[in-house]
Structure formats: C-alpha cells, structure tokens
Amino acid sequence: MTTQLSQHETAALRPEERPSAPRLSIVIVSYNTRELLRACLRSVRASVLDGAYEVFVVDNGSRDGSLAMVAAEFPEVVCLAETGDRGYAAANNLALRRCRGTYRLLLNPDTELPRDALATMLAFMDSHPRVGIAGPKLVKRNGGLDLACRRSFPTPTNALYHFLRLPRLFPTNPTFGAYNLTFRDPDRSYEVDSVCGAFMLLRASMLGEVGLLDETYWMYGEDLDLAFLAKRRGWQVYYNADVEVKHYKGESSKQRSLKCTYEFFRAMHVFYRKHYAPQRPAVVNALVTAGIALLGMASLVADRVRPAALRRVSS
C-alpha cells in the first residue's frame with residue numbers, strides 16, 4: 001500500500017522521489033459497524049491486486065470504538081472523522097476529495113471481498129474505457145441476490161410496481177420487474193442504469209466530468225443520482241456478474257431505522273424533483289409527491305410496529 005504524504009511534503013520531494021498515484025482509492029464510510037468493518041478491511045488487505053492502492057475510512061460518529069480499532073489494526077488506512085451527521089454522501093465526498101487513484105471504489109463496511117474481486121473489477125474497467133461506473137453481483141447473508149446491485153432508474157410507474165410487491169409475484173415479467181431487473185439473468189454481465197453504492201467502482205475521469213455525490217441526499221439515492229448524471233454525459237454503467245461480493249445488508253441502517261426510513265423516501269422525492277419534475281405537468285408532480293408521502297408514512301408506521309430486530313429500510 002501507499003503511505004500518504006501531505007501536499008506540502010509531496011511538493012518538497014524531487015520529481016523522482018514523488019510517489020506515483022495509486023491505481024485504486026477505496027472509501028469506506030462507517031457508523032457503529034466495528035466488527036463488520038474489521039472483516040471488510042481484512043478482505044481488502046488480503047486482495048490480490050497489481051499496483052498501489054489507498055484506503056480511507058470515514059467515521060460518521062461511531063460510539064463502538066471503530067476508529068481506534070482501525071488505527072490499531074490497520075495503520076495503513078487513512079482515518080477521517082466526519083463531524084455532524086451530514087450523511088453518507090457528504091462522508092464519502094470528504095474522502096473522495098483526497099483520493100488520487102485512477103479508480104475510486106465506494107465500499108460499504110458490511111461487505112467482504114473475494115481475493116480476486118478488486119483485480120477482476122479493475123481489469124474489466126481497463127478493457128471497457130467508456131464504463132464510468134461498475135458494480136459486482138452482491139449476495140446477501142442468506143445467499144440470495146441483493147436485488148439493488150443492478151437497477152433501472154426509478155420512475156413513478158416502476159416504483160409503484162415495486163411497492164405493490166408485483167415483482168415478487170411476477171419476477172420474470174419485464175414490466176413489473178423493471179426496477180430491480182428481476183427478469184434478467186443475474187449470472188450474466190450487462191449495461192444497466194445503476195449499480196449499488198455498497199460496491200460502486202468509479203472512474204476518476206468520469207467524476208472529473210460529473211462531479212462528486214450530491215450531498216442533498218443523506219443516505220439513499222446518491223448512487224442512483226450519480227449514475228443518472230454519468231449516463232447523461234455518455235458514460236456507461238455496468239453490472240459485472242463475474243465478481244461476487246458478500247453484502248451483510250442493513251446492519252448500520254437498522255440502528256436508526258426511523259431516520260433511515262424517512263431519508264429513503266425523502267431521497268425518492270429529491271431524485272424526482274431534480275430529474276423528472278421539470279419536464280412534468282404540475283398536477284403530475286403533485287400526485288407523485290403525495291404518493292411518496294403516503295408510502296413514506298405507511299413505512300414509518302410499519303417500522304414502529306415491527307420488533308426492533310426486524311426493522312429495516314426498503315430497497
């Protein structure tokens with residue numbers, strides 16, 4: 001791994017002494033997930049990868065000793081503390097502004113990587129120069145596919161089908177299964193609208209054109225938003241089924257499920273207002289806003305009724 005020097009220290013070196021930019025920069029945002037974070041970082045350290053890489057852990061106010069654990073066990077990792085609860089997008093941006101890699105990986109602490117995952121994903125990006133964003137096949141703790149790992153952009157229609165649970169009843173139907181692409185083979189690779197922010201590999205040159213994550217989103221929607229902007233500029237987004245990554249989903253969000261549920265539906269509203277509302281009639285925008293509010297209120301009530309161990313956020 002690279003040892004990160006300050007900008008002043010780097011500038012003071014002779015040209016032949018200056019460290020070359022790493023091939024990959026990894027950003028992990030953590031909130032009270034110490035044991036999962038430890039396992040994630042161990043899997044990163046065990047990865048087989050040509051070239052230097054750097055790792056940033058941004059702590060969002062954990063009270064479980066996460067930062068102390070990282071400092072003690074992973075001294076090569078750059079630790080950053082995010083002050084205030086500005087959210088996932090802002091925390092990622094804090095590290096992304098310091099990244100130097102040709103590629104930037106947004107990685108959740110509740111993931112574990114096979115040894116060849118990073119090398120395979122980078123090789124895929126190297127061979128597909130117009131791919132600005134890529135993600136792997138994500139598999140949940142129970143062995144099932146994390147449906148969020150390959151998605152279409154949300155629309156009022158496919159979101160309605162999603163919340164009516166129609167994809168569960170008709171998973172092979174292209175109309176009902178449009179949002180999570182349940183009708184497509186999860187063991188094949190193809191272009192999609194978006195992949196999941198739990199493992200989202202970004203090309204630095206794409207970020208240079210599109211910009212960083214929109215901090216209007218607190219925890220959800222920022223990955224969809226970035227993919228939407230990238231595709232608008234002609235970049236491709238790919239789901240790479242040749243790489244399978246474990247995703248122990250929801251361990252952080254269920255600790256503050258009420259806040260996360262609210263932010264999930266607020267993100268839907270932000271995305272709609274930003275990308276769709278300017279082209280829609282006012283009456284349609286009002287109906288969509290009302291629908292999001294009703295779904296959000298129903299989900300908040302359901303969240304409070306469930307036992308704490310079963311609380312979760314929709315995806």
# chains A, B, ... in the order shown; residues from 1 in each chain; ligands from 1

call {"tool": "select_by_dssp", "arguments": {"residues": "range 39-253 of chain A", "states": "alpha helix (DSSP H)", "output": "ChimeraX atom specification"}}
result
/A:39-45,66-73,88-96,117-127,156-163,166-169,204-210,222-232

call {"tool": "residues_around", "arguments": {"residues": "range 61-75 of chain A", "least_positions_apart": "4", "cutoff": "10 Å", "atoms": "only C-alpha atoms", "output": "VMD selection string"}}
result
chain A and resid 3 30 to 38 41 to 42 45 55 57 79 to 85

call {"tool": "closest_residue", "arguments": {"among": "A:Asp187, A:Asp193, A:Asp50, A:Asp59", "to": "Leu122 in chain A", "atoms": "only C-alpha atoms"}}
result
A:Asp50

call {"tool": "atom_distance", "arguments": {"atom1": "CA of Phe199 in chain A", "atom2": "CA of Leu300 in chain A"}}
result
27.3 Å

call {"tool": "residues_around", "arguments": {"residues": "range 268-278 of chain A", "least_positions_apart": "4", "cutoff": "8 Å", "atoms": "only C-alpha atoms", "output": "number ranges by chain"}}
result
A: 155, 216-217, 221, 225, 264, 285, 289, 292

call {"tool": "residues_around", "arguments": {"residues": "range 114-118 of chain A", "least_positions_apart": "3", "cutoff": "9 Å", "atoms": "only C-alpha atoms", "output": "PyMOL selection string"}}
result
chain A and resi 43-49+121-123+136+242-246

call {"tool": "write_last_selection", "arguments": {"atoms": "N, CA and C atoms", "output": "compact mmCIF listing (two decimals), in the first residue's frame"}}
result
# COMPACT_ATOMS: atom_id res chain seq x y z
N SER A 43 -10.50 -8.31 4.34
CA SER A 43 -10.69 -8.83 2.98
C SER A 43 -10.02 -7.91 1.96
N VAL A 44 -10.02 -6.61 2.22
CA VAL A 44 -9.31 -5.68 1.34
C VAL A 44 -7.81 -5.94 1.40
N ARG A 45 -7.29 -6.09 2.61
CA ARG A 45 -5.86 -6.33 2.79
C ARG A 45 -5.42 -7.63 2.12
N ALA A 46 -6.30 -8.63 2.11
CA ALA A 46 -5.96 -9.94 1.53
C ALA A 46 -6.13 -9.97 0.02
N SER A 47 -6.62 -8.89 -0.56
CA SER A 47 -6.88 -8.87 -2.00
C SER A 47 -5.60 -8.95 -2.80
N VAL A 48 -5.67 -9.64 -3.92
CA VAL A 48 -4.56 -9.73 -4.86
C VAL A 48 -4.76 -8.63 -5.89
N LEU A 49 -3.83 -7.69 -5.95
CA LEU A 49 -4.02 -6.52 -6.81
C LEU A 49 -2.68 -5.98 -7.26
N MET A 121 -12.40 -6.56 -11.18
CA MET A 121 -13.18 -5.37 -11.48
C MET A 121 -12.33 -4.32 -12.18
N LEU A 122 -11.09 -4.14 -11.74
CA LEU A 122 -10.22 -3.16 -12.40
C LEU A 122 -9.87 -3.59 -13.81
N ALA A 123 -9.65 -4.88 -14.02
CA ALA A 123 -9.37 -5.38 -15.37
C ALA A 123 -10.57 -5.13 -16.29
N PRO A 136 -20.42 -5.26 -8.83
CA PRO A 136 -20.43 -6.72 -8.92
C PRO A 136 -21.81 -7.30 -8.58
N ASP A 242 -19.29 -11.49 -13.08
CA ASP A 242 -18.10 -12.34 -12.89
C ASP A 242 -17.48 -12.17 -11.51
N VAL A 243 -17.91 -11.14 -10.79
CA VAL A 243 -17.41 -10.90 -9.43
C VAL A 243 -18.58 -10.99 -8.46
N GLU A 244 -18.42 -11.78 -7.43
CA GLU A 244 -19.47 -11.96 -6.41
C GLU A 244 -18.95 -11.49 -5.06
N VAL A 245 -19.66 -10.56 -4.45
CA VAL A 245 -19.25 -9.95 -3.18
C VAL A 245 -20.34 -10.17 -2.14
N LYS A 246 -19.94 -10.54 -0.94
CA LYS A 246 -20.92 -10.69 0.14
C LYS A 246 -21.35 -9.33 0.66

call {"tool": "closest_residue", "arguments": {"among": "A:Phe163, A:Ser189, A:Gly197, A:Met219", "to": "Asn60 in chain A", "atoms": "only C-alpha atoms"}}
result
A:Met219

call {"tool": "residues_around", "arguments": {"residues": "Arg168 in chain A", "least_positions_apart": "2", "cutoff": "12 Å", "atoms": "only C-alpha atoms", "output": "tab-separated table (two decimals) with N, CA and C atoms, in the first residue's frame"}}
result
chain	number	residue	atom	x	y	z
A	147	LEU	N	-31.00	-7.50	-4.65
A	147	LEU	CA	-31.60	-7.01	-5.88
A	147	LEU	C	-31.14	-5.60	-6.25
A	161	TYR	N	-45.03	-0.37	-8.93
A	161	TYR	CA	-45.00	-1.84	-9.03
A	161	TYR	C	-44.13	-2.43	-7.93
A	162	HIS	N	-43.00	-1.77	-7.66
A	162	HIS	CA	-42.07	-2.26	-6.64
A	162	HIS	C	-42.74	-2.29	-5.26
A	163	PHE	N	-43.41	-1.21	-4.89
A	163	PHE	CA	-44.00	-1.14	-3.56
A	163	PHE	C	-45.29	-1.96	-3.44
A	164	LEU	N	-45.89	-2.30	-4.56
A	164	LEU	CA	-47.03	-3.22	-4.56
A	164	LEU	C	-46.57	-4.67	-4.54
A	165	ARG	N	-45.26	-4.88	-4.53
A	165	ARG	CA	-44.65	-6.21	-4.49
A	165	ARG	C	-44.96	-7.05	-5.73
A	166	LEU	N	-45.29	-6.41	-6.82
A	166	LEU	CA	-45.60	-7.15	-8.04
A	166	LEU	C	-44.40	-7.92	-8.60
A	170	PHE	N	-44.51	-11.68	-10.01
A	170	PHE	CA	-44.23	-11.88	-11.43
A	170	PHE	C	-42.77	-11.50	-11.73
A	171	PRO	N	-41.81	-12.23	-11.17
A	171	PRO	CA	-40.40	-11.81	-11.30
A	171	PRO	C	-39.87	-11.84	-12.72
A	172	THR	N	-40.45	-12.64	-13.60
A	172	THR	CA	-39.93	-12.73	-14.97
A	172	THR	C	-40.64	-11.77	-15.92
A	173	ASN	N	-41.55	-10.98	-15.39
A	173	ASN	CA	-42.28	-10.03	-16.23
A	173	ASN	C	-41.47	-8.76	-16.40
A	176	PHE	N	-43.30	-5.53	-14.73
A	176	PHE	CA	-43.36	-5.47	-13.28
A	176	PHE	C	-41.97	-5.55	-12.64
A	177	GLY	N	-41.04	-6.22	-13.30
A	177	GLY	CA	-39.70	-6.38	-12.73
A	177	GLY	C	-38.69	-5.38	-13.23
A	178	ALA	N	-39.17	-4.26	-13.77
A	178	ALA	CA	-38.26	-3.31	-14.43
A	178	ALA	C	-37.27	-2.68	-13.46
A	179	TYR	N	-37.69	-2.32	-12.25
A	179	TYR	CA	-36.81	-1.56	-11.36
A	179	TYR	C	-35.60	-2.38	-10.93
A	180	ASN	N	-35.81	-3.58	-10.42
A	180	ASN	CA	-34.69	-4.42	-9.96
A	180	ASN	C	-34.27	-5.46	-11.00
A	181	LEU	N	-34.78	-5.34	-12.22
A	181	LEU	CA	-34.36	-6.20	-13.32
A	181	LEU	C	-34.48	-7.68	-12.98
A	182	THR	N	-35.55	-8.03	-12.27
A	182	THR	CA	-35.72	-9.42	-11.83
A	182	THR	C	-35.92	-10.38	-12.99
A	183	PHE	N	-36.24	-9.87	-14.17
A	183	PHE	CA	-36.45	-10.71	-15.34
A	183	PHE	C	-35.15	-11.02	-16.07

call {"tool": "closest_residue", "arguments": {"among": "A:Leu106, A:Ala90, A:Leu96, A:Ala286", "to": "Glu215 in chain A", "atoms": "only C-alpha atoms"}}
result
A:Ala90

call {"tool": "closest_residue", "arguments": {"among": "A:Arg97, A:Lys249, A:Arg280, A:Arg188", "to": "Glu112 in chain A", "atoms": "only C-alpha atoms"}}
result
A:Lys249

call {"tool": "select_by_dssp", "arguments": {"residues": "range 121-286 of chain A", "states": "strand (DSSP E)", "output": "MDAnalysis selection string"}}
result
chainID A and resid 131:140 190:191 199:203 236:247

call {"tool": "residues_around", "arguments": {"residues": "Asp223 in chain A", "least_positions_apart": "4", "cutoff": "12 Å", "atoms": "only C-alpha atoms", "output": "MDAnalysis selection string"}}
result
chainID A and resid 88:89 92 106:107 133:135 148:153 193:202 212:215 217:219 227:230 237 267 271

call {"tool": "decode", "arguments": {"residues": "range 124-178 of chain A", "atoms": "C-alpha atoms", "output": "compact mmCIF listing (two decimals), in the first residue's frame"}}
result
# COMPACT_ATOMS: atom_id res chain seq x y z
CA PHE A 124 -12.98 -5.02 -16.52
CA MET A 125 -12.74 -1.23 -16.30
CA ASP A 126 -9.40 -1.22 -18.13
CA SER A 127 -10.93 -3.16 -21.01
CA HIS A 128 -14.09 -1.02 -21.19
CA PRO A 129 -12.91 2.61 -21.36
CA ARG A 130 -16.42 4.10 -21.68
CA VAL A 131 -17.63 2.43 -18.49
CA GLY A 132 -17.65 5.12 -15.82
CA ILE A 133 -19.32 3.06 -13.09
CA ALA A 134 -19.36 -0.68 -12.42
CA GLY A 135 -20.58 -2.97 -9.68
CA PRO A 136 -20.43 -6.72 -8.92
CA LYS A 137 -23.03 -9.31 -8.09
CA LEU A 138 -23.93 -8.72 -4.43
CA VAL A 139 -25.06 -11.69 -2.37
CA LYS A 140 -26.80 -11.32 0.99
CA ARG A 141 -26.12 -13.25 4.18
CA ASN A 142 -28.75 -15.87 3.29
CA GLY A 143 -27.17 -16.47 -0.11
CA GLY A 144 -29.85 -14.62 -2.03
CA LEU A 145 -29.16 -11.92 -4.57
CA ASP A 146 -29.17 -8.35 -3.30
CA LEU A 147 -31.60 -7.01 -5.88
CA ALA A 148 -30.23 -3.47 -5.53
CA CYS A 149 -26.97 -4.47 -7.25
CA ARG A 150 -28.50 -3.89 -10.73
CA ARG A 151 -31.29 -1.41 -11.20
CA SER A 152 -33.24 0.74 -13.57
CA PHE A 153 -33.74 4.36 -12.68
CA PRO A 154 -36.87 4.78 -10.53
CA THR A 155 -39.96 6.15 -12.23
CA PRO A 156 -43.43 6.66 -10.73
CA THR A 157 -44.60 3.53 -12.57
CA ASN A 158 -41.85 1.07 -11.72
CA ALA A 159 -41.69 2.40 -8.14
CA LEU A 160 -45.42 1.73 -7.77
CA TYR A 161 -45.00 -1.84 -9.03
CA HIS A 162 -42.07 -2.26 -6.64
CA PHE A 163 -44.00 -1.14 -3.56
CA LEU A 164 -47.03 -3.22 -4.56
CA ARG A 165 -44.65 -6.21 -4.49
CA LEU A 166 -45.60 -7.15 -8.04
CA PRO A 167 -42.01 -8.19 -8.94
CA ARG A 168 -42.25 -10.87 -6.25
CA LEU A 169 -45.41 -12.25 -7.83
CA PHE A 170 -44.23 -11.88 -11.43
CA PRO A 171 -40.40 -11.81 -11.30
CA THR A 172 -39.93 -12.73 -14.97
CA ASN A 173 -42.28 -10.03 -16.23
CA PRO A 174 -40.26 -7.20 -17.84
CA THR A 175 -42.90 -4.62 -16.95
CA PHE A 176 -43.36 -5.47 -13.28
CA GLY A 177 -39.70 -6.38 -12.73
CA ALA A 178 -38.26 -3.31 -14.43
